[in-house]
>>> print(open('protein_7.cif').read())   # mmCIF, C-alpha atoms
data_entry
#
loop_
_atom_site.label_atom_id
_atom_site.label_comp_id
_atom_site.auth_asym_id
_atom_site.auth_seq_id
_atom_site.Cartn_x
_atom_site.Cartn_y
_atom_site.Cartn_z
CA MET A 1 8.56 1.64 10.81
CA ALA A 2 6.54 1.82 7.59
CA ARG A 3 3.80 -0.74 7.17
CA LYS A 4 4.23 -3.20 4.35
CA GLU A 5 1.31 -2.72 1.97
CA THR A 6 2.14 -5.95 0.17
CA ALA A 7 1.12 -7.97 3.22
CA ASP A 8 -2.51 -6.95 2.68
CA LYS A 9 -2.82 -8.47 -0.78
CA GLU A 10 -5.38 -11.21 -1.20
CA VAL A 11 -3.00 -13.71 -2.79
CA ARG A 12 0.09 -14.23 -0.72
CA LYS A 13 3.02 -14.61 -3.06
CA ASP A 14 5.26 -15.85 -0.26
CA ALA A 15 3.20 -19.02 0.16
CA LYS A 16 5.71 -21.01 -1.89
CA LEU A 17 8.52 -20.27 0.52
CA GLN A 18 6.31 -20.71 3.56
CA ASN A 19 5.09 -24.05 2.34
CA LEU A 20 8.63 -25.08 1.50
CA VAL A 21 10.02 -24.46 4.97
CA LEU A 22 7.00 -26.09 6.61
CA ARG A 23 7.41 -29.35 4.75
CA ASP A 24 11.20 -29.45 4.27
CA LYS A 25 13.28 -29.29 7.44
CA GLN A 26 16.51 -28.87 5.50
CA ALA A 27 15.14 -25.92 3.54
CA TYR A 28 13.98 -24.49 6.87
CA GLU A 29 17.50 -24.67 8.27
CA ASP A 30 19.19 -23.42 5.09
CA LEU A 31 16.93 -20.44 4.53
CA TRP A 32 17.29 -19.45 8.17
CA ARG A 33 21.06 -19.74 8.08
CA PHE A 34 21.22 -17.56 4.96
CA ARG A 35 20.00 -14.59 6.98
CA TYR A 36 21.00 -15.66 10.48
CA PRO A 37 24.21 -17.64 10.17
CA GLU A 38 25.85 -19.43 13.06
CA GLU A 39 28.95 -17.87 14.57
CA GLY A 40 31.61 -17.41 11.91
CA GLY A 41 29.12 -17.83 9.06
CA THR A 42 28.36 -15.26 6.39
CA LYS A 43 25.03 -13.50 6.29
CA LEU A 44 23.60 -13.38 2.80
CA GLY A 45 21.87 -10.32 1.39
CA PHE A 46 18.43 -10.59 -0.18
CA ASP A 47 19.98 -10.24 -3.64
CA GLU A 48 22.22 -13.25 -2.98
CA ILE A 49 19.36 -15.34 -1.59
CA LEU A 50 17.29 -14.49 -4.68
CA ILE A 51 20.00 -16.17 -6.73
CA GLU A 52 20.25 -19.19 -4.41
CA ILE A 53 16.54 -20.02 -4.30
CA PRO A 54 16.08 -21.03 -7.98
CA LYS A 55 19.27 -23.09 -7.82
CA LEU A 56 18.21 -24.95 -4.69
CA TYR A 57 14.43 -25.17 -5.02
CA GLY A 58 13.63 -24.60 -8.69
CA PHE A 59 11.43 -21.52 -8.48
CA THR A 60 11.93 -17.78 -8.37
CA VAL A 61 10.57 -15.16 -6.01
CA SER A 62 10.56 -11.37 -6.03
CA LEU A 63 12.48 -9.18 -3.60
CA SER A 64 9.31 -8.00 -1.80
CA THR A 65 8.12 -11.60 -1.48
CA LEU A 66 11.44 -12.59 0.02
CA SER A 67 11.36 -9.66 2.42
CA ASN A 68 7.80 -10.56 3.52
CA PHE A 69 8.80 -14.17 3.85
CA TYR A 70 11.61 -13.34 6.24
CA ASP A 71 9.25 -11.17 8.35
CA TRP A 72 7.00 -14.21 8.64
CA PHE A 73 9.94 -16.58 9.12
CA LYS A 74 11.34 -14.62 12.08
CA VAL A 75 8.01 -14.90 13.88
CA ARG A 76 7.65 -18.53 12.91
CA LYS A 77 11.18 -19.42 14.09
CA SER A 78 10.66 -17.70 17.41
CA ILE A 79 7.39 -19.56 18.01
CA ASP A 80 8.92 -22.83 16.78
CA ASP A 81 11.90 -22.52 19.12
CA ASP A 82 9.67 -21.93 22.14
CA ALA A 83 7.20 -24.63 21.11
CA ASP A 84 9.99 -27.19 20.42
CA PHE A 85 11.57 -26.49 23.79
CA SER A 86 8.21 -26.89 25.52
CA GLU A 87 7.43 -30.10 23.63
CA GLN A 88 10.77 -31.62 24.66
CA PHE A 89 10.01 -30.73 28.23
CA MET A 90 6.55 -32.27 27.93
CA GLN A 91 8.07 -35.45 26.52
CA GLU A 92 10.42 -35.66 29.51
CA LEU A 93 7.49 -35.22 31.86
CA ALA A 94 5.53 -37.88 30.00
CA LYS A 95 8.29 -40.41 30.73
CA LYS A 96 7.53 -40.04 34.42
CA ASP A 97 4.41 -41.74 35.65
CA SER A 98 3.58 -39.07 38.18
CA PHE A 99 1.97 -36.58 35.79
CA THR A 100 -1.40 -36.69 34.10
CA PRO A 101 -1.72 -35.64 30.44
CA THR A 102 -3.55 -32.49 31.57
CA GLN A 103 -0.75 -31.55 33.96
CA ILE A 104 1.83 -32.14 31.23
CA ARG A 105 -0.08 -30.00 28.76
CA GLU A 106 -0.48 -27.20 31.31
CA ALA A 107 3.20 -27.30 32.20
CA GLY A 108 4.18 -27.18 28.52
CA GLN A 109 1.88 -24.24 27.90
CA LYS A 110 3.27 -22.37 30.90
CA LEU A 111 6.83 -22.91 29.72
CA PHE A 112 5.90 -21.73 26.23
CA THR A 113 4.34 -18.54 27.62
CA LEU A 114 7.24 -17.89 29.99
CA ARG A 115 9.86 -18.34 27.30
CA SER A 116 8.15 -15.80 25.10
CA ILE A 117 8.59 -13.11 27.73
CA ARG A 118 12.33 -12.95 27.16
CA ASN A 119 11.69 -11.77 23.60
CA GLU A 120 9.01 -9.37 24.60
CA ASN A 121 9.09 -5.77 23.51
CA PRO A 122 9.81 -4.12 26.89
CA LYS A 123 7.69 -1.06 26.16
CA GLU A 124 4.65 -3.05 25.09
CA PHE A 125 5.12 -5.34 28.06
CA ARG A 126 5.22 -2.34 30.38
CA ASP A 127 2.09 -0.94 28.73
CA ILE A 128 0.32 -4.23 29.24
CA ALA A 129 1.45 -4.41 32.85
CA MET A 130 0.16 -0.87 33.38
CA LEU A 131 -3.07 -1.87 31.73
CA GLY A 132 -3.32 -4.81 34.12
CA GLN A 133 -2.92 -2.42 37.03
CA ASP A 134 -5.59 -0.16 35.56
CA GLU A 135 -7.92 -3.12 35.24
CA GLU A 136 -7.25 -4.00 38.89
CA ARG A 137 -8.05 -0.40 39.84
CA LEU A 138 -11.26 -0.55 37.81
CA LYS A 139 -12.22 -3.79 39.53
CA GLN A 140 -11.69 -2.14 42.93
CA ASN A 141 -13.80 0.84 41.83
CA ASP A 142 -16.53 -1.54 40.72
CA LYS A 143 -16.46 -3.16 44.16
CA ARG A 144 -16.70 0.26 45.83
CA ILE A 145 -19.66 1.17 43.61
CA ALA A 146 -21.34 -2.14 44.45
CA VAL A 147 -20.90 -1.46 48.21
CA SER A 148 -22.33 2.07 47.76
CA LYS A 149 -25.30 0.70 45.83
CA GLU A 150 -25.93 -1.82 48.62
CA SER A 151 -25.79 0.94 51.19
CA VAL A 152 -28.29 3.05 49.20
CA SER A 153 -30.55 0.03 48.90
CA ILE A 154 -30.49 -0.52 52.69
CA GLN A 155 -31.33 3.17 53.24
CA GLU A 156 -34.22 2.89 50.80
CA ARG A 157 -35.57 -0.19 52.58
CA ARG A 158 -35.30 1.62 55.93
CA ILE A 159 -37.23 4.63 54.59
CA SER A 160 -39.88 2.37 53.11
CA LEU A 161 -40.28 0.60 56.48
CA LEU A 162 -40.58 3.93 58.29
CA GLU A 163 -43.21 5.08 55.82
CA GLU A 164 -45.19 1.90 56.43
CA LYS A 165 -45.02 2.36 60.20
CA ALA A 166 -45.99 6.02 59.90
CA ALA A 167 -49.00 5.11 57.79
CA GLU A 168 -49.94 2.47 60.34
CA ALA A 169 -49.67 4.94 63.23
CA LYS A 170 -51.66 7.55 61.33
CA ALA A 171 -54.38 5.00 60.67
CA LYS A 172 -54.52 4.14 64.40
CA LEU A 173 -54.84 7.83 65.30
CA VAL A 174 -57.60 8.37 62.78
CA ALA A 175 -59.40 5.29 64.11
CA LEU A 176 -59.15 6.56 67.70
CA THR A 177 -60.47 10.04 66.96
CA THR A 178 -63.36 8.74 64.88
CA SER A 179 -64.34 5.80 67.10
CA GLY A 180 -67.41 5.87 69.28
CA LYS A 181 -65.24 5.36 72.38
CA SER A 182 -63.81 8.84 72.08
CA LYS A 183 -65.72 11.13 74.48
CA GLY A 184 -63.77 14.34 74.12
CA GLY A 185 -60.97 13.74 76.68
CA ILE A 186 -57.57 12.17 76.12
CA THR A 187 -57.02 8.98 78.04
CA PRO A 188 -53.46 7.90 79.07
CA GLU A 189 -53.78 5.10 76.51
CA THR A 190 -54.59 7.56 73.70
CA LEU A 191 -51.76 9.83 74.78
CA ALA A 192 -49.30 6.96 74.63
CA LEU A 193 -50.49 6.11 71.14
CA ILE A 194 -50.14 9.75 70.03
CA GLU A 195 -46.61 9.86 71.41
CA GLU A 196 -45.71 6.66 69.66
CA ALA A 197 -47.11 7.98 66.39
CA ALA A 198 -45.24 11.25 66.81
CA ARG A 199 -41.96 9.38 67.27
CA LEU A 200 -42.55 7.43 64.13
CA LEU A 201 -43.53 10.47 62.07
CA MET B 1 0.99 11.31 11.45
CA LYS B 2 0.30 7.77 12.62
CA GLN B 3 -0.53 5.47 9.74
CA SER B 4 -3.52 3.34 10.55
CA VAL B 5 -3.39 -0.37 9.81
CA PRO B 6 -6.49 -1.82 8.08
CA LEU B 7 -8.57 -3.79 10.55
CA SER B 8 -8.99 -6.66 8.10
CA LEU B 9 -5.22 -7.04 7.97
CA ILE B 10 -4.88 -7.09 11.75
CA ARG B 11 -7.69 -9.65 12.02
CA ARG B 12 -5.95 -11.90 9.53
CA GLU B 13 -2.46 -11.59 10.95
CA VAL B 14 -3.75 -12.38 14.42
CA ARG B 15 -5.02 -15.66 12.95
CA THR B 16 -1.70 -16.15 11.14
CA VAL B 17 0.15 -16.00 14.46
CA LEU B 18 -2.36 -18.25 16.20
CA ASN B 19 -2.05 -20.73 13.33
CA MET B 20 1.66 -21.15 14.04
CA ARG B 21 1.95 -24.15 16.37
CA PRO B 22 -1.78 -23.96 17.09
CA GLY B 23 -1.57 -26.36 20.02
CA PHE B 24 0.02 -23.66 22.13
CA GLY B 25 -2.12 -20.77 23.33
CA LYS B 26 -0.75 -17.29 22.84
CA THR B 27 -1.08 -14.35 25.18
CA GLU B 28 -2.16 -10.87 24.16
CA ALA B 29 1.44 -9.70 24.59
CA GLN B 30 2.72 -12.38 22.23
CA LEU B 31 0.03 -11.60 19.68
CA LEU B 32 0.82 -7.90 19.80
CA GLU B 33 4.53 -8.50 19.33
CA PHE B 34 4.21 -11.05 16.55
CA SER B 35 1.38 -9.33 14.67
CA ASN B 36 3.39 -6.12 14.68
CA ALA B 37 6.41 -8.03 13.43
CA LEU B 38 4.38 -9.45 10.54
CA ILE B 39 2.78 -6.18 9.55
CA GLY B 40 5.75 -3.93 10.19
CA GLY B 41 4.49 -2.18 13.30
CA GLY B 42 1.70 0.23 14.05
CA ILE B 43 -0.86 -2.01 15.79
CA SER B 44 -2.04 -0.68 19.14
CA LEU B 45 -3.23 -2.89 21.96
CA GLN B 46 -6.78 -1.62 21.41
CA GLU B 47 -6.66 -2.51 17.71
CA LEU B 48 -5.40 -5.96 18.60
CA ARG B 49 -8.25 -6.42 21.08
CA ASP B 50 -10.77 -5.28 18.45
CA ALA B 51 -9.34 -7.84 16.04
CA LEU B 52 -9.50 -10.56 18.69
CA GLU B 53 -13.09 -9.68 19.52
CA TRP B 54 -14.08 -9.83 15.86
CA ASN B 55 -12.37 -13.18 15.31
CA LEU B 56 -14.01 -14.48 18.47
CA SER B 57 -17.46 -13.36 17.28
CA GLU B 58 -16.83 -15.23 14.02
CA ARG B 59 -15.66 -18.28 16.00
CA PHE B 60 -12.31 -18.24 14.23
CA ILE B 61 -10.55 -18.17 17.58
CA ARG B 62 -11.28 -19.18 21.16
CA SER B 63 -9.87 -18.24 24.52
CA GLU B 64 -8.92 -20.03 27.70
CA ARG B 65 -8.44 -18.30 31.00
CA ASP B 66 -5.34 -19.15 33.01
CA ASP B 67 -6.34 -17.89 36.45
CA GLU B 68 -3.06 -18.88 38.05
CA ALA B 69 -1.06 -16.74 35.63
CA ASN B 70 -3.87 -14.18 35.34
CA GLU B 71 -3.63 -14.45 31.57
CA THR B 72 -5.98 -15.21 28.72
CA LEU B 73 -4.62 -17.66 26.18
CA TRP B 74 -5.86 -17.48 22.59
CA PHE B 75 -6.19 -20.40 20.18
CA ILE B 76 -7.25 -20.69 16.56
CA THR B 77 -10.28 -22.91 15.88
CA GLN B 78 -10.81 -25.31 12.97
CA SER B 79 -12.99 -22.64 11.34
CA GLY B 80 -10.15 -20.17 11.78
CA ILE B 81 -7.67 -22.54 10.15
CA ALA B 82 -10.10 -23.06 7.26
CA GLN B 83 -10.46 -19.31 6.93
CA GLN B 84 -6.68 -18.94 6.78
CA ASN B 85 -6.56 -21.36 3.89
CA ILE B 86 -8.96 -19.23 1.83
CA ARG B 87 -6.78 -16.84 -0.12
#
>>> encode(input="protein_7.cif", output="structure tokens")
Amino acid sequence: MARKETADKEVRKDAKLQNLVLRDKQAYEDLWRFRYPEEGGTKLGFDEILIEIPKLYGFTVSLSTLSNFYDWFKVRKSIDDDADFSEQFMQELAKKDSFTPTQIREAGQKLFTLRSIRNENPKEFRDIAMLGQDEERLKQNDKRIAVSKESVSIQERRISLLEEKAAEAKAKLVALTTSGKSKGGITPETLALIEEAARLL
Amino acid sequence: MKQSVPLSLIRREVRTVLNMRPGFGKTEAQLLEFSNALIGGGISLQELRDALEWNLSERFIRSERDDEANETLWFITQSGIAQQNIR
């Protein structure tokens, strides 16, 4: 579908119609019915609506403005329908004493979100679901990486400890061979120390 | 060839959608659907997320995490509403 360049203009020419439907409930209903009539009604073309608007509301609009307005109006109506339904539900809940205002608000929000799913573009929804799965996969990968990092850290600590012990053993050996007690022979005590040092190295 | 949608337009239309019944938070999926409907299609999920991030950095919008539904809900802020009124 081609993008509508007119939507990017700084001054929105459709503001008149938007403002009209936001403040006048009857205009809201009428303008909606023009394009989306109830069963048995006649759908009006843009050219016919362009004639109706000055008669009903006293101002004129261009065809592109009207087209942009109805793009906006479709979104607005969809959100309004879901929001109205949720608000009615919230009002019903509020009549009962068993719910706190926070619970009511949360329930209304959930209903609003759930209702929107029925209108969802299936492809986009699938893409988002896939993306959710990808994110889950990424989270799992992150966990795996964290575990690996922990394992490497433990290994590093172990090596560091071994190096310390080796240095300690080496120092003991050096002390033995240079001490005045050493008289040329190897005592059983010295031998045990050498063996211990050898194990550590 | 895919026609790219100006980022400034996506940023604004995201706010336009959030400004409709601002008391209700909107999900990413809703924003993608409705923003595309306003613009006439062509917005990718990544472009939407970029627009959300920008609006968030400008404090025009805020988010709430719904852990139970595993969804992030987006709301327009007062600054965002004021920004929408500047034409």
>>> resolve_selection(input="protein_7.cif", expression="the PyMOL selection byres ((chain B and resi 35) around 10)", output="PDB file with C-alpha atoms, keeping the file's coordinate frame")
ATOM      1  CA  TRP A  72       7.000 -14.210   8.640  1.00  0.00           C
ATOM      2  CA  VAL A  75       8.010 -14.900  13.880  1.00  0.00           C
TER       3      VAL A  75
ATOM      4  CA  LEU B   9      -5.220  -7.040   7.970  1.00  0.00           C
ATOM      5  CA  ILE B  10      -4.880  -7.090  11.750  1.00  0.00           C
ATOM      6  CA  ARG B  11      -7.690  -9.650  12.020  1.00  0.00           C
ATOM      7  CA  ARG B  12      -5.950 -11.900   9.530  1.00  0.00           C
ATOM      8  CA  GLU B  13      -2.460 -11.590  10.950  1.00  0.00           C
ATOM      9  CA  VAL B  14      -3.750 -12.380  14.420  1.00  0.00           C
ATOM     10  CA  ARG B  15      -5.020 -15.660  12.950  1.00  0.00           C
ATOM     11  CA  THR B  16      -1.700 -16.150  11.140  1.00  0.00           C
ATOM     12  CA  VAL B  17       0.150 -16.000  14.460  1.00  0.00           C
ATOM     13  CA  LEU B  18      -2.360 -18.250  16.200  1.00  0.00           C
ATOM     14  CA  ALA B  29       1.440  -9.700  24.590  1.00  0.00           C
ATOM     15  CA  GLN B  30       2.720 -12.380  22.230  1.00  0.00           C
ATOM     16  CA  LEU B  31       0.030 -11.600  19.680  1.00  0.00           C
ATOM     17  CA  LEU B  32       0.820  -7.900  19.800  1.00  0.00           C
ATOM     18  CA  GLU B  33       4.530  -8.500  19.330  1.00  0.00           C
ATOM     19  CA  PHE B  34       4.210 -11.050  16.550  1.00  0.00           C
ATOM     20  CA  ASN B  36       3.390  -6.120  14.680  1.00  0.00           C
ATOM     21  CA  ALA B  37       6.410  -8.030  13.430  1.00  0.00           C
ATOM     22  CA  LEU B  38       4.380  -9.450  10.540  1.00  0.00           C
ATOM     23  CA  ILE B  39       2.780  -6.180   9.550  1.00  0.00           C
ATOM     24  CA  GLY B  40       5.750  -3.930  10.190  1.00  0.00           C
ATOM     25  CA  GLY B  41       4.490  -2.180  13.300  1.00  0.00           C
ATOM     26  CA  GLY B  42       1.700   0.230  14.050  1.00  0.00           C
ATOM     27  CA  ILE B  43      -0.860  -2.010  15.790  1.00  0.00           C
ATOM     28  CA  LEU B  48      -5.400  -5.960  18.600  1.00  0.00           C
TER      29      LEU B  48
END
>>> residues_around(input="protein_7.cif", residues="Leu31 of chain A", least_positions_apart="4", cutoff="12 Å", atoms="all atoms listed in the file", output="JSON, numbers by chain")
{"A": [17, 18, 20, 21, 22, 24, 25, 26, 27, 35, 36, 37, 43, 44, 45, 46, 48, 49, 50, 52, 53, 56, 57, 66, 69, 70, 73, 74, 77]}
>>> write_last_selection(input="protein_7.cif", atoms="C-alpha atoms", output="mmCIF file, in the frame of the given file")
data_model
loop_
_atom_site.group_PDB
_atom_site.id
_atom_site.type_symbol
_atom_site.label_atom_id
_atom_site.label_comp_id
_atom_site.auth_asym_id
_atom_site.auth_seq_id
_atom_site.Cartn_x
_atom_site.Cartn_y
_atom_site.Cartn_z
ATOM 1 C CA LEU A 17 8.520 -20.270 0.520
ATOM 2 C CA GLN A 18 6.310 -20.710 3.560
ATOM 3 C CA LEU A 20 8.630 -25.080 1.500
ATOM 4 C CA VAL A 21 10.020 -24.460 4.970
ATOM 5 C CA LEU A 22 7.000 -26.090 6.610
ATOM 6 C CA ASP A 24 11.200 -29.450 4.270
ATOM 7 C CA LYS A 25 13.280 -29.290 7.440
ATOM 8 C CA GLN A 26 16.510 -28.870 5.500
ATOM 9 C CA ALA A 27 15.140 -25.920 3.540
ATOM 10 C CA ARG A 35 20.000 -14.590 6.980
ATOM 11 C CA TYR A 36 21.000 -15.660 10.480
ATOM 12 C CA PRO A 37 24.210 -17.640 10.170
ATOM 13 C CA LYS A 43 25.030 -13.500 6.290
ATOM 14 C CA LEU A 44 23.600 -13.380 2.800
ATOM 15 C CA GLY A 45 21.870 -10.320 1.390
ATOM 16 C CA PHE A 46 18.430 -10.590 -0.180
ATOM 17 C CA GLU A 48 22.220 -13.250 -2.980
ATOM 18 C CA ILE A 49 19.360 -15.340 -1.590
ATOM 19 C CA LEU A 50 17.290 -14.490 -4.680
ATOM 20 C CA GLU A 52 20.250 -19.190 -4.410
ATOM 21 C CA ILE A 53 16.540 -20.020 -4.300
ATOM 22 C CA LEU A 56 18.210 -24.950 -4.690
ATOM 23 C CA TYR A 57 14.430 -25.170 -5.020
ATOM 24 C CA LEU A 66 11.440 -12.590 0.020
ATOM 25 C CA PHE A 69 8.800 -14.170 3.850
ATOM 26 C CA TYR A 70 11.610 -13.340 6.240
ATOM 27 C CA PHE A 73 9.940 -16.580 9.120
ATOM 28 C CA LYS A 74 11.340 -14.620 12.080
ATOM 29 C CA LYS A 77 11.180 -19.420 14.090
#
>>> closest_residue(input="protein_7.cif", among="A:Thr60, A:Ile117, A:Lys55, A:Ala146", to="chain B", atoms="all atoms listed in the file")
A:Ile117
>>> closest_residue(input="protein_7.cif", among="B:Asn55, B:Thr77, B:Asn70, B:Gln83", to="chain A", atoms="all atoms listed in the file")
B:Asn70
>>> residues_around(input="protein_7.cif", residues="Glu64 of chain B", least_positions_apart="3", cutoff="7 Å", atoms="only C-alpha atoms", output="PyMOL selection string")
chain B and resi 72-74
>>> atom_distance(input="protein_7.cif", atom1="atom CA of Ala69 of chain B", atom2="atom CA of Arg105 of chain A")
15.0 Å
>>> closest_residue(input="protein_7.cif", among="A:Glu92, A:Glu29, A:Gln109, A:Gly41", to="Phe75 of chain B", atoms="all atoms listed in the file")
A:Gln109
>>> closest_residue(input="protein_7.cif", among="B:Asn85, B:Thr27, B:Asn19, B:Ser8", to="Trp54 of chain B", atoms="only C-alpha atoms")
B:Ser8
>>> atom_distance(input="protein_7.cif", atom1="atom CA of Leu63 of chain A", atom2="atom CA of Ala15 of chain A")
14.0 Å
